[in-house]
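Pasted below: input-v3.pdb, PDB, C-alpha atoms and all ligand atoms.
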MODEL        1
ATOM      1  CA  MET A1329       0.000   0.000   0.000
ATOM      2  CA  ARG A1330       1.433   3.343  -1.037
ATOM      3  CA  SER A1331       0.759   6.898  -0.014
ATOM      4  CA  LEU A1332       1.850  10.179  -1.567
ATOM      5  CA  ILE A1333       3.194  12.494   1.115
ATOM      6  CA  ASP A1334       6.124  14.128  -0.649
ATOM      7  CA  ILE A1335       6.647  14.570  -4.391
ATOM      8  CA  LEU A1336       9.951  12.709  -4.022
ATOM      9  CA  ASP A1337       7.973   9.601  -3.034
ATOM     10  CA  LEU A1338       7.560   9.235  -6.808
ATOM     11  CA  SER A1339      10.477   8.337  -9.067
ATOM     12  CA  LEU A1340      10.986  10.214 -12.332
ATOM     13  CA  SER A1341       9.676   7.263 -14.295
ATOM     14  CA  GLU A1342       6.568   7.095 -12.116
ATOM     15  CA  ILE A1343       5.964  10.785 -12.778
ATOM     16  CA  ASP A1344       6.314  10.137 -16.526
ATOM     17  CA  GLU A1345       3.875   7.266 -16.211
ATOM     18  CA  LEU A1346       1.309   9.465 -14.389
ATOM     19  CA  ILE A1347       1.642  12.153 -17.054
ATOM     20  CA  THR A1348       1.177   9.588 -19.822
ATOM     21  CA  VAL A1349      -1.979   8.279 -18.162
ATOM     22  CA  ALA A1350      -3.299  11.831 -17.558
ATOM     23  CA  ASN A1351      -2.749  12.706 -21.226
ATOM     24  CA  ASP A1352      -4.527   9.518 -22.252
ATOM     25  CA  ILE A1353      -7.453  10.388 -19.951
ATOM     26  CA  ILE A1354      -7.681  13.807 -21.629
ATOM     27  CA  GLU A1355      -7.795  12.096 -25.060
ATOM     28  CA  ASN A1356      -9.982   9.113 -24.172
ATOM     29  CA  PRO A1357     -12.036   9.869 -21.042
ATOM     30  CA  GLU A1358     -14.601   7.181 -21.914
ATOM     31  CA  ASN A1359     -12.029   4.447 -21.293
ATOM     32  CA  TYR A1360     -11.813   5.435 -17.638
ATOM     33  CA  ARG A1361     -15.437   5.858 -16.632
ATOM     34  CA  GLU A1362     -15.780   2.522 -14.819
ATOM     35  CA  LYS A1363     -12.250   2.108 -13.497
ATOM     36  CA  CYS A1364     -13.081   2.855  -9.867
ATOM     37  CA  ARG A1365     -16.600   1.520  -9.688
ATOM     38  CA  TYR A1366     -17.512   0.704  -6.054
ATOM     39  CA  LYS A1367     -14.377   2.481  -4.778
ATOM     40  CA  LYS A1368     -14.621   5.463  -2.465
ATOM     41  CA  LEU A1369     -12.405   8.485  -1.943
ATOM     42  CA  ALA A1370     -12.574  10.412   1.334
ATOM     43  CA  THR A1371     -11.520  14.052   1.274
ATOM     44  CA  LEU A1372     -10.584  15.187   4.774
ATOM     45  CA  PHE A1373      -9.942  18.924   4.566
ATOM     46  CA  PHE A1374      -8.987  20.531   7.853
ATOM     47  CA  GLU A1375      -8.169  23.727   5.909
ATOM     48  CA  PRO A1376     -10.058  25.617   3.153
ATOM     49  CA  SER A1377      -9.783  24.573  -0.478
ATOM     50  CA  THR A1378     -11.644  24.944  -3.742
ATOM     51  CA  ARG A1379      -9.546  23.420  -6.534
ATOM     52  CA  THR A1380      -7.758  20.690  -4.676
ATOM     53  CA  ARG A1381     -10.788  19.197  -2.946
ATOM     54  CA  LEU A1382     -13.230  19.605  -5.815
ATOM     55  CA  SER A1383     -10.751  18.335  -8.393
ATOM     56  CA  PHE A1384     -10.110  15.244  -6.258
ATOM     57  CA  GLU A1385     -13.842  14.648  -5.951
ATOM     58  CA  ALA A1386     -14.467  15.267  -9.662
ATOM     59  CA  ALA A1387     -11.547  12.954 -10.448
ATOM     60  CA  MET A1388     -13.045  10.084  -8.438
ATOM     61  CA  MET A1389     -16.503  10.674  -9.925
ATOM     62  CA  GLU A1390     -15.111  10.568 -13.455
ATOM     63  CA  LEU A1391     -13.535   7.219 -12.606
ATOM     64  CA  GLY A1392     -16.953   5.927 -11.595
ATOM     65  CA  GLY A1393     -16.251   5.984  -7.859
ATOM     66  CA  GLY A1394     -17.911   7.689  -4.916
ATOM     67  CA  VAL A1395     -16.764  10.460  -2.609
ATOM     68  CA  LEU A1396     -17.312  11.364   1.029
ATOM     69  CA  GLY A1397     -15.658  13.695   3.471
ATOM     70  CA  PHE A1398     -15.644  17.085   5.107
ATOM     71  CA  SER A1399     -14.406  20.479   4.028
ATOM     72  CA  GLU A1400     -13.684  22.102   7.372
ATOM     73  CA  ALA A1401     -12.350  20.878  10.666
ATOM     74  CA  ASN A1402     -15.329  22.392  12.510
ATOM     75  CA  SER A1403     -17.773  20.064  10.822
ATOM     76  CA  SER A1404     -15.808  16.951  11.844
ATOM     77  CA  SER A1405     -15.105  15.330  15.207
ATOM     78  CA  THR A1406     -11.861  17.322  15.335
ATOM     79  CA  ALA A1407     -14.074  20.015  16.850
ATOM     80  CA  LYS A1408     -14.728  17.562  19.712
ATOM     81  CA  GLY A1409     -11.026  16.944  20.205
ATOM     82  CA  GLU A1410     -10.477  13.794  18.120
ATOM     83  CA  SER A1411      -6.860  13.254  17.010
ATOM     84  CA  VAL A1412      -5.877  13.011  13.345
ATOM     85  CA  SER A1413      -4.724   9.434  13.915
ATOM     86  CA  ASP A1414      -8.100   8.385  15.286
ATOM     87  CA  THR A1415      -9.975  10.134  12.480
ATOM     88  CA  ILE A1416      -7.819   8.320   9.917
ATOM     89  CA  ALA A1417      -8.210   4.949  11.605
ATOM     90  CA  VAL A1418     -11.984   5.359  11.430
ATOM     91  CA  VAL A1419     -12.248   6.789   7.907
ATOM     92  CA  GLY A1420      -9.984   4.007   6.613
ATOM     93  CA  GLY A1421     -12.908   1.703   7.391
ATOM     94  CA  TYR A1422     -15.231   3.697   5.133
ATOM     95  CA  ALA A1423     -13.044   4.669   2.172
ATOM     96  CA  ASP A1424     -10.460   3.036  -0.114
ATOM     97  CA  ILE A1425      -8.233   6.105  -0.380
ATOM     98  CA  ILE A1426      -7.946   9.379   1.543
ATOM     99  CA  ALA A1427      -6.915  12.856   0.396
ATOM    100  CA  MET A1428      -6.088  15.007   3.379
ATOM    101  CA  ARG A1429      -5.229  18.689   3.890
ATOM    102  CA  HIS A1430      -4.083  19.909   7.270
ATOM    103  CA  PRO A1431      -2.648  23.155   8.694
ATOM    104  CA  LYS A1432       0.051  21.237  10.608
ATOM    105  CA  GLU A1433       3.210  20.304   8.726
ATOM    106  CA  GLY A1434       3.681  16.533   8.803
ATOM    107  CA  ALA A1435       0.078  15.644   9.689
ATOM    108  CA  PRO A1436      -0.472  13.583   6.491
ATOM    109  CA  LEU A1437       2.783  11.707   7.151
ATOM    110  CA  VAL A1438       1.610  10.805  10.644
ATOM    111  CA  ALA A1439      -1.746   9.796   9.174
ATOM    112  CA  SER A1440      -0.075   7.535   6.606
ATOM    113  CA  MET A1441       1.731   5.655   9.362
ATOM    114  CA  LYS A1442      -1.593   4.862  11.009
ATOM    115  CA  SER A1443      -3.611   4.188   7.899
ATOM    116  CA  ASP A1444      -4.630   0.947   6.217
ATOM    117  CA  VAL A1445      -5.510   2.807   3.003
ATOM    118  CA  PRO A1446      -3.386   5.135   0.821
ATOM    119  CA  ILE A1447      -3.121   8.721   2.070
ATOM    120  CA  ILE A1448      -2.576  11.610  -0.319
ATOM    121  CA  ASN A1449      -1.127  14.805   1.100
ATOM    122  CA  ALA A1450      -3.356  17.554  -0.274
ATOM    123  CA  GLY A1451      -1.287  20.259   1.430
ATOM    124  CA  ASP A1452       0.282  20.325   4.908
ATOM    125  CA  GLY A1453       0.752  23.797   6.370
ATOM    126  CA  GLY A1454       3.577  25.738   4.769
ATOM    127  CA  HIS A1455       5.387  22.515   3.923
ATOM    128  CA  ASN A1456       4.420  20.483   0.848
ATOM    129  CA  HIS A1457       1.718  20.080  -1.773
ATOM    130  CA  PRO A1458       2.698  17.182  -4.035
ATOM    131  CA  THR A1459      -0.511  16.910  -6.080
ATOM    132  CA  GLN A1460      -0.318  20.596  -6.990
ATOM    133  CA  THR A1461       3.175  19.825  -8.237
ATOM    134  CA  LEU A1462       1.877  16.949 -10.362
ATOM    135  CA  THR A1463      -0.618  19.442 -11.797
ATOM    136  CA  ASP A1464       2.208  21.908 -12.466
ATOM    137  CA  LEU A1465       4.315  19.197 -14.106
ATOM    138  CA  LEU A1466       1.498  18.097 -16.396
ATOM    139  CA  THR A1467       0.999  21.732 -17.410
ATOM    140  CA  ILE A1468       4.713  22.279 -18.071
ATOM    141  CA  GLN A1469       4.899  19.054 -20.074
ATOM    142  CA  ARG A1470       1.885  19.976 -22.209
ATOM    143  CA  GLU A1471       2.881  23.603 -22.722
ATOM    144  CA  LYS A1472       6.674  23.376 -22.983
ATOM    145  CA  GLY A1473       7.090  19.745 -24.077
ATOM    146  CA  THR A1474      10.042  19.135 -21.742
ATOM    147  CA  PHE A1475      11.271  19.367 -18.152
ATOM    148  CA  GLU A1476      14.861  20.059 -19.152
ATOM    149  CA  ASN A1477      16.823  23.275 -19.792
ATOM    150  CA  LEU A1478      14.153  25.556 -18.376
ATOM    151  CA  THR A1479      14.651  28.749 -16.402
ATOM    152  CA  ILE A1480      11.917  28.826 -13.813
ATOM    153  CA  GLY A1481      11.038  32.008 -11.963
ATOM    154  CA  LEU A1482       9.181  31.546  -8.689
ATOM    155  CA  CYS A1483       7.647  34.767  -7.482
ATOM    156  CA  GLY A1484       5.880  35.875  -4.301
ATOM    157  CA  ASP A1485       5.673  34.076  -0.989
ATOM    158  CA  LEU A1486       8.495  31.564  -1.267
ATOM    159  CA  LYS A1487       8.655  31.164   2.488
ATOM    160  CA  PHE A1488       5.173  29.856   3.261
ATOM    161  CA  GLY A1489       4.187  28.760  -0.249
ATOM    162  CA  ARG A1490       4.046  24.976  -0.039
ATOM    163  CA  THR A1491       3.413  24.640  -3.770
ATOM    164  CA  VAL A1492       6.776  26.320  -4.379
ATOM    165  CA  HIS A1493       8.611  23.933  -2.045
ATOM    166  CA  SER A1494       7.235  20.836  -3.752
ATOM    167  CA  LEU A1495       7.779  22.225  -7.250
ATOM    168  CA  ILE A1496      11.426  23.008  -6.465
ATOM    169  CA  ALA A1497      11.938  19.491  -5.103
ATOM    170  CA  ALA A1498      10.448  18.028  -8.277
ATOM    171  CA  MET A1499      12.203  20.239 -10.827
ATOM    172  CA  SER A1500      15.599  19.914  -9.131
ATOM    173  CA  ARG A1501      15.775  16.355 -10.493
ATOM    174  CA  TYR A1502      15.836  17.428 -14.156
ATOM    175  CA  LYS A1503      18.816  18.458 -16.310
ATOM    176  CA  GLY A1504      19.648  22.050 -17.147
ATOM    177  CA  ILE A1505      17.182  23.652 -14.735
ATOM    178  CA  LYS A1506      17.809  27.152 -13.407
ATOM    179  CA  PHE A1507      15.770  28.751 -10.654
ATOM    180  CA  VAL A1508      15.174  32.450 -10.237
ATOM    181  CA  LEU A1509      13.791  33.099  -6.765
ATOM    182  CA  ILE A1510      11.847  36.359  -6.673
ATOM    183  CA  SER A1511      10.525  37.508  -3.299
ATOM    184  CA  PRO A1512      10.681  40.230  -0.694
ATOM    185  CA  GLU A1513      13.516  39.747   1.785
ATOM    186  CA  GLU A1514      11.103  38.516   4.478
ATOM    187  CA  LEU A1515       9.472  35.894   2.263
ATOM    188  CA  LYS A1516      12.613  34.232   0.931
ATOM    189  CA  LEU A1517      12.776  30.510   0.279
ATOM    190  CA  PRO A1518      13.512  28.631   3.538
ATOM    191  CA  SER A1519      17.119  27.496   3.686
ATOM    192  CA  TYR A1520      16.106  23.854   4.225
ATOM    193  CA  VAL A1521      14.444  23.828   0.795
ATOM    194  CA  LYS A1522      17.473  25.444  -0.803
ATOM    195  CA  GLU A1523      19.926  23.076   0.882
ATOM    196  CA  SER A1524      18.065  19.838   0.382
ATOM    197  CA  HIS A1525      17.106  20.323  -3.268
ATOM    198  CA  ILE A1526      18.744  23.214  -5.131
ATOM    199  CA  LYS A1527      22.192  22.957  -3.565
ATOM    200  CA  ALA A1528      22.103  19.189  -3.122
ATOM    201  CA  GLN A1529      21.501  18.764  -6.861
ATOM    202  CA  GLY A1530      23.993  21.481  -7.836
ATOM    203  CA  ILE A1531      21.302  23.558  -9.556
ATOM    204  CA  GLU A1532      22.086  27.063 -10.751
ATOM    205  CA  TYR A1533      19.942  29.694  -9.028
ATOM    206  CA  LYS A1534      19.723  33.341  -8.172
ATOM    207  CA  GLN A1535      17.713  35.376  -5.731
ATOM    208  CA  THR A1536      16.271  38.785  -6.415
ATOM    209  CA  THR A1537      13.576  41.154  -5.228
ATOM    210  CA  SER A1538      12.873  42.479  -8.733
ATOM    211  CA  LEU A1539      10.529  40.651 -11.086
ATOM    212  CA  GLU A1540      11.036  43.211 -13.871
ATOM    213  CA  GLU A1541      14.769  42.699 -13.921
ATOM    214  CA  VAL A1542      14.647  38.934 -14.541
ATOM    215  CA  MET A1543      11.490  38.719 -16.676
ATOM    216  CA  PRO A1544      13.320  38.382 -20.045
ATOM    217  CA  GLU A1545      15.217  35.267 -18.849
ATOM    218  CA  LEU A1546      12.257  33.160 -17.819
ATOM    219  CA  ASP A1547      10.683  30.174 -19.571
ATOM    220  CA  VAL A1548       8.199  29.618 -16.766
ATOM    221  CA  LEU A1549       6.916  32.249 -14.343
ATOM    222  CA  TYR A1550       5.246  30.695 -11.299
ATOM    223  CA  MET A1551       3.307  33.378  -9.421
ATOM    224  CA  THR A1552       2.056  32.776  -5.880
ATOM    225  CA  ARG A1553      -0.235  34.389  -3.363
ATOM    226  CA  VAL A1554       1.133  35.817  -0.119
ATOM    227  CA  GLN A1555      -0.064  33.177   2.367
ATOM    228  CA  LYS A1556      -2.109  35.331   4.726
ATOM    229  CA  GLU A1557      -3.114  32.456   6.994
ATOM    230  CA  ARG A1558       0.512  31.691   7.913
ATOM    231  CA  PHE A1559       1.371  35.200   9.140
ATOM    232  CA  PHE A1560       1.677  35.960  12.810
ATOM    233  CA  ASN A1561       0.441  39.505  12.437
ATOM    234  CA  GLU A1562      -1.867  41.308  10.072
ATOM    235  CA  GLU A1563       0.439  44.321   9.721
ATOM    236  CA  ASP A1564       3.200  42.283   8.071
ATOM    237  CA  TYR A1565       0.706  40.700   5.725
ATOM    238  CA  LEU A1566      -0.744  44.051   4.692
ATOM    239  CA  ARG A1567       2.708  45.440   4.037
ATOM    240  CA  LEU A1568       3.806  42.468   1.915
ATOM    241  CA  LYS A1569       0.642  41.342   0.171
ATOM    242  CA  ASP A1570       1.014  43.462  -2.947
ATOM    243  CA  SER A1571       4.763  43.053  -3.386
ATOM    244  CA  TYR A1572       4.307  41.749  -6.932
ATOM    245  CA  ILE A1573       1.517  42.381  -9.370
ATOM    246  CA  LEU A1574       1.883  40.942 -12.849
ATOM    247  CA  THR A1575       0.424  43.242 -15.517
ATOM    248  CA  PRO A1576       0.351  43.201 -19.349
ATOM    249  CA  GLU A1577       2.894  46.025 -19.199
ATOM    250  CA  LYS A1578       5.408  43.893 -17.287
ATOM    251  CA  LEU A1579       4.810  40.949 -19.619
ATOM    252  CA  LYS A1580       6.064  43.001 -22.569
ATOM    253  CA  ASN A1581       9.618  42.119 -21.594
ATOM    254  CA  ALA A1582       8.920  38.391 -21.274
ATOM    255  CA  LYS A1583       9.707  35.736 -23.871
ATOM    256  CA  GLU A1584       6.933  35.131 -26.386
ATOM    257  CA  ASP A1585       6.711  31.491 -25.309
ATOM    258  CA  MET A1586       7.087  31.973 -21.558
ATOM    259  CA  ILE A1587       4.208  30.449 -19.599
ATOM    260  CA  VAL A1588       2.607  32.027 -16.542
ATOM    261  CA  LEU A1589       1.484  29.524 -13.903
ATOM    262  CA  HIS A1590      -0.251  30.093 -10.568
ATOM    263  CA  PRO A1591      -1.652  27.385  -8.264
ATOM    264  CA  LEU A1592      -4.590  29.739  -7.516
ATOM    265  CA  PRO A1593      -6.412  31.232  -5.675
ATOM    266  CA  ARG A1594      -5.175  34.537  -7.020
ATOM    267  CA  VAL A1595      -5.660  37.590  -4.871
ATOM    268  CA  ASN A1596      -3.904  40.560  -6.499
ATOM    269  CA  GLU A1597      -0.695  39.092  -7.856
ATOM    270  CA  ILE A1598      -1.892  38.773 -11.450
ATOM    271  CA  SER A1599      -4.006  41.529 -12.913
ATOM    272  CA  THR A1600      -7.120  40.129 -14.624
ATOM    273  CA  ALA A1601      -5.969  41.944 -17.771
ATOM    274  CA  VAL A1602      -3.274  39.252 -18.078
ATOM    275  CA  ASP A1603      -5.889  36.487 -18.411
ATOM    276  CA  ASP A1604      -6.293  37.071 -22.151
ATOM    277  CA  ASP A1605      -2.564  36.824 -22.858
ATOM    278  CA  LYS A1606      -1.732  33.537 -24.582
ATOM    279  CA  ARG A1607       1.028  32.962 -22.035
ATOM    280  CA  ALA A1608      -1.463  32.862 -19.140
ATOM    281  CA  CYS A1609      -1.892  29.147 -18.369
ATOM    282  CA  TYR A1610      -3.282  29.166 -14.824
ATOM    283  CA  PHE A1611      -6.871  28.267 -15.620
ATOM    284  CA  LYS A1612      -5.746  25.466 -17.910
ATOM    285  CA  GLN A1613      -3.423  24.354 -15.112
ATOM    286  CA  ALA A1614      -6.367  24.155 -12.682
ATOM    287  CA  LYS A1615      -8.266  21.994 -15.168
ATOM    288  CA  TYR A1616      -5.320  19.633 -15.655
ATOM    289  CA  GLY A1617      -5.334  19.066 -11.887
ATOM    290  CA  LYS A1618      -8.349  16.808 -12.238
ATOM    291  CA  TYR A1619      -6.720  14.554 -14.849
ATOM    292  CA  ILE A1620      -3.450  14.066 -13.015
ATOM    293  CA  ARG A1621      -5.377  13.289  -9.820
ATOM    294  CA  MET A1622      -7.351  10.668 -11.737
ATOM    295  CA  ALA A1623      -4.055   9.107 -12.816
ATOM    296  CA  LEU A1624      -2.766   9.233  -9.241
ATOM    297  CA  ILE A1625      -5.876   7.608  -7.769
ATOM    298  CA  LEU A1626      -5.592   4.764 -10.315
ATOM    299  CA  LYS A1627      -1.949   4.263  -9.435
ATOM    300  CA  LEU A1628      -2.379   4.278  -5.659
ATOM    301  CA  LEU A1629      -5.366   1.944  -5.850
ATOM    302  CA  GLY A1630      -3.426  -0.359  -8.159
ATOM    303  CA  VAL A1631      -6.068  -0.219 -10.893
ATOM    304  CA  GLU A1632      -4.795  -1.272 -14.330
TER     305      GLU A1632
HETATM  306  C1  LIG B   1      -2.464  26.421  -3.039
HETATM  307  C2  LIG B   1      -2.383  25.831  -1.644
HETATM  308  O1  LIG B   1      -3.401  25.454  -1.075
HETATM  309  O2  LIG B   1      -1.269  25.749  -1.155
HETATM  310  N1  LIG B   1      -3.715  26.286  -3.602
HETATM  311  C3  LIG B   1      -4.020  25.147  -4.285
HETATM  312  O3  LIG B   1      -3.985  24.056  -3.770
HETATM  313  N2  LIG B   1      -4.307  25.259  -5.589
HETATM  314  C4  LIG B   1      -1.942  27.788  -3.123
HETATM  315  C5  LIG B   1      -2.501  28.827  -2.219
HETATM  316  O4  LIG B   1      -3.386  28.586  -1.407
HETATM  317  O5  LIG B   1      -2.034  29.974  -2.357
ENDMDL
END
Would you mind writing the file out in C-alpha cells?
Amino acid sequence: MRSLIDILDLSLSEIDELITVANDIIENPENYREKCRYKKLATLFFEPSTRTRLSFEAAMMELGGGVLGFSEANSSSTAKGESVSDTIAVVGGYADIIAMRHPKEGAPLVASMKSDVPIINAGDGGHNHPTQTLTDLLTIQREKGTFENLTIGLCGDLKFGRTVHSLIAAMSRYKGIKFVLISPEELKLPSYVKESHIKAQGIEYKQTTSLEEVMPELDVLYMTRVQKERFFNEEDYLRLKDSYILTPEKLKNAKEDMIVLHPLPRVNEISTAVDDDKRACYFKQAKYGKYIRMALILKLLGVE
C-alpha cells in the first residue's frame, strides 16, 4: 500500500507514467469511466480549499467511484477533540483512499503511518503540496514539451508557499534547470528547501527582489499568493501582500513562449488583464489538476 506524502515519493519514471496516463485520460475519457466503480475516496480537509478538494472529488466521480468527506475541521469530530490518527483509523474503514489537507506540517505523514488505506497529502501547512506539483508538471509538459533546460522564476511568498517547495523538489531532479527566486527579503525561500534540493543537486539559481529585472530570462513564471493564513500579524501581511503584481505592461519584456502559472487562488498578484494573454496558463493548469489526480488515484489503488 502506497501513499503520496512528498513529491519525491515518486520516481521520475513514475511521474512520466502518471503524465502519460493523464494525457490519455484527456484524449480518451470514456475508457476510464468505470475504473473505480464501487471504490470510495474520502476528502478530509482541515483547511479551506476549492480546486484541490473539488478536483479530487471530480476525479473520483469521473472514474466511476464515490466520494465522502468534510471540508472544514469544525464540521468533523476534530471540533470535539479527536486526534488526526483516530480520524484516519476510522475513515480508513469507510473509504479506499484518503486525500487530506491539514494546517500542521507533517500531519499527512503521521496519518499515513496509522492508515490501512493510501493517504494523499493535499497540502500540509507551509510545507508540501505534491498533487499541486503533479498538476504543475502536467501543465509544463503539455505547454513546454520538456522538463529540461528551463529557467523557472518563482515569485511571491516563497517562504510559506508549499506549492513552491514541492515544485522546487520536483524540478531539481531534471537536467539544465535554473531557478530564479523572486521575493521580498522577508518571504525568501527557507534554507532547508534550498539546501536539500537546489544545492544538493547542484542547480544554478539566483535570488532577487525584482521581477522586472529577470522577466526576459524566464521560460516559466510561477506566481504565488502571499499566504495570509501563515502570518503571525496582520500588519506584516498588509505590508507584503502586494509586493508583486503581474500586468500586461510587465509581460512586454517576457519571452513570447514563456508560460505564466499560478496554483490559484489569485488575490492581487496577477491583474485580470493578463488572463487574455496567450502565455497565461493558470486556468488550464487548474483543469489539468483533475486529470493528473485521476491518474494518481488509479496508481495508488493499483487499478490497471
Ligand atoms: C495552493 C495551496 O493550497 O497551497 N492552492 C491550491 O492548492 N491550488 C496555493 C494557495 O493557497 O495559495
Output check: residues returned by the PyMOL selection byres (((chain A and resi 1625) around 9) and not hetatm), as a list of chain:residue names: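 Output of the PyMOL selection byres (((chain A and resi 1625) around 9) and not hetatm): A:Cys1364, A:Leu1369, A:Phe1384, A:Ala1387, A:Met1388, A:Ile1425, A:Ile1620, A:Arg1621, A:Met1622, A:Ala1623, A:Leu1624, A:Leu1626, A:Lys1627, A:Leu1628, A:Leu1629, A:Gly1630, A:Val1631.
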How big is the axis-aligned box, and where does its centre sit, when it encloses all atoms of ligand LIG 1 (chain B) listed in the file and has 8 Å added on every side, reported in Å to one decimal as lines of an AutoDock Vina configuration file?
center_x = -2.8
center_y = 27.0
center_z = -3.3
size_x = 19.0
size_y = 21.9
size_z = 20.5
Compile a residue-level contact table for chain A against ligand LIG 1 (chain B) at a cut-off of 10 Å, reporting for every qualifying residue the shortest atom pair and its distance in Å to one decimal, with all atoms listed in the file counted, rows ordered by chain and ascending number, as CSV.
residue,atom,partner,partner_atom,distance
A:Glu1375,CA,B:LIG1,O1,8.6
A:Pro1376,CA,B:LIG1,O1,7.9
A:Ser1377,CA,B:LIG1,O1,6.5
A:Thr1378,CA,B:LIG1,N2,7.6
A:Arg1379,CA,B:LIG1,N2,5.6
A:Thr1380,CA,B:LIG1,O3,5.1
A:Arg1381,CA,B:LIG1,O3,8.4
A:Ser1383,CA,B:LIG1,N2,9.9
A:Arg1429,CA,B:LIG1,O1,8.6
A:Ala1450,CA,B:LIG1,O3,7.4
A:Gly1451,CA,B:LIG1,O2,6.1
A:Asp1452,CA,B:LIG1,O2,8.3
A:Gly1453,CA,B:LIG1,O2,8.0
A:Gly1454,CA,B:LIG1,O2,7.7
A:His1455,CA,B:LIG1,O2,9.0
A:Asn1456,CA,B:LIG1,O2,8.0
A:His1457,CA,B:LIG1,O2,6.4
A:Pro1458,CA,B:LIG1,O3,9.6
A:Thr1459,CA,B:LIG1,O3,8.3
A:Gln1460,CA,B:LIG1,O3,6.0
A:Thr1461,CA,B:LIG1,O3,9.4
A:Thr1463,CA,B:LIG1,N2,9.3
A:Asp1485,CA,B:LIG1,O5,8.8
A:Phe1488,CA,B:LIG1,O2,8.8
A:Gly1489,CA,B:LIG1,O2,6.3
A:Arg1490,CA,B:LIG1,O2,5.5
A:Thr1491,CA,B:LIG1,O2,5.5
A:Val1492,CA,B:LIG1,O2,8.7
A:Met1551,CA,B:LIG1,O5,9.5
A:Thr1552,CA,B:LIG1,O5,6.1
A:Arg1553,CA,B:LIG1,O5,4.9
A:Val1554,CA,B:LIG1,O5,7.0
A:Gln1555,CA,B:LIG1,O5,6.0
A:Lys1556,CA,B:LIG1,O5,8.9
A:Glu1557,CA,B:LIG1,O4,9.3
A:His1590,CA,B:LIG1,C4,8.0
A:Pro1591,CA,B:LIG1,N2,4.3
A:Leu1592,CA,B:LIG1,N2,4.9
A:Pro1593,CA,B:LIG1,O5,5.6
A:Arg1594,CA,B:LIG1,O5,7.2
A:Val1595,CA,B:LIG1,O5,8.8
A:Gln1613,CA,B:LIG1,N2,9.6
A:Ala1614,CA,B:LIG1,N2,7.5
A:Gly1617,CA,B:LIG1,N2,8.9
Residue members of the PyMOL selection byres (((chain A and resi 1588) around 9) and not hetatm) in the file shown, as a list in words: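 Checked against the file, the PyMOL selection byres (((chain A and resi 1588) around 9) and not hetatm) matches Asp1547, Val1548, Leu1549, Tyr1550, Met1551, Met1586, Ile1587, Leu1589, His1590, Arg1607, Ala1608, Cys1609 and Tyr1610 of chain A.
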Could you list the residues chosen by the PyMOL selection byres (((chain A and resi 1437) around 12) and not hetatm) in this structure as a ChimeraX atom specification? /A:1330-1334,1337,1412-1413,1416,1427-1430,1432-1436,1438-1443,1446-1452,1455-1456
Kindly export the residues of the current selection with C-alpha atoms, as a PDB file, in the frame of the given file.
ATOM      1  CA  ARG A1330       1.433   3.343  -1.037  1.00  0.00           C
ATOM      2  CA  SER A1331       0.759   6.898  -0.014  1.00  0.00           C
ATOM      3  CA  LEU A1332       1.850  10.179  -1.567  1.00  0.00           C
ATOM      4  CA  ILE A1333       3.194  12.494   1.115  1.00  0.00           C
ATOM      5  CA  ASP A1334       6.124  14.128  -0.649  1.00  0.00           C
ATOM      6  CA  ASP A1337       7.973   9.601  -3.034  1.00  0.00           C
ATOM      7  CA  VAL A1412      -5.877  13.011  13.345  1.00  0.00           C
ATOM      8  CA  SER A1413      -4.724   9.434  13.915  1.00  0.00           C
ATOM      9  CA  ILE A1416      -7.819   8.320   9.917  1.00  0.00           C
ATOM     10  CA  ALA A1427      -6.915  12.856   0.396  1.00  0.00           C
ATOM     11  CA  MET A1428      -6.088  15.007   3.379  1.00  0.00           C
ATOM     12  CA  ARG A1429      -5.229  18.689   3.890  1.00  0.00           C
ATOM     13  CA  HIS A1430      -4.083  19.909   7.270  1.00  0.00           C
ATOM     14  CA  LYS A1432       0.051  21.237  10.608  1.00  0.00           C
ATOM     15  CA  GLU A1433       3.210  20.304   8.726  1.00  0.00           C
ATOM     16  CA  GLY A1434       3.681  16.533   8.803  1.00  0.00           C
ATOM     17  CA  ALA A1435       0.078  15.644   9.689  1.00  0.00           C
ATOM     18  CA  PRO A1436      -0.472  13.583   6.491  1.00  0.00           C
ATOM     19  CA  VAL A1438       1.610  10.805  10.644  1.00  0.00           C
ATOM     20  CA  ALA A1439      -1.746   9.796   9.174  1.00  0.00           C
ATOM     21  CA  SER A1440      -0.075   7.535   6.606  1.00  0.00           C
ATOM     22  CA  MET A1441       1.731   5.655   9.362  1.00  0.00           C
ATOM     23  CA  LYS A1442      -1.593   4.862  11.009  1.00  0.00           C
ATOM     24  CA  SER A1443      -3.611   4.188   7.899  1.00  0.00           C
ATOM     25  CA  PRO A1446      -3.386   5.135   0.821  1.00  0.00           C
ATOM     26  CA  ILE A1447      -3.121   8.721   2.070  1.00  0.00           C
ATOM     27  CA  ILE A1448      -2.576  11.610  -0.319  1.00  0.00           C
ATOM     28  CA  ASN A1449      -1.127  14.805   1.100  1.00  0.00           C
ATOM     29  CA  ALA A1450      -3.356  17.554  -0.274  1.00  0.00           C
ATOM     30  CA  GLY A1451      -1.287  20.259   1.430  1.00  0.00           C
ATOM     31  CA  ASP A1452       0.282  20.325   4.908  1.00  0.00           C
ATOM     32  CA  HIS A1455       5.387  22.515   3.923  1.00  0.00           C
ATOM     33  CA  ASN A1456       4.420  20.483   0.848  1.00  0.00           C
TER      34      ASN A1456
END
Compare A:Asn1356, A:Ser1500, A:Asn1581, A:Ser1403 by their minimum atom-to-atom distance to Glu1541 (chain A), counting all atoms listed in the file, and give me the closest one.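 Of the candidates, the smallest distance to Glu1541 (chain A) is held by A:Asn1581.
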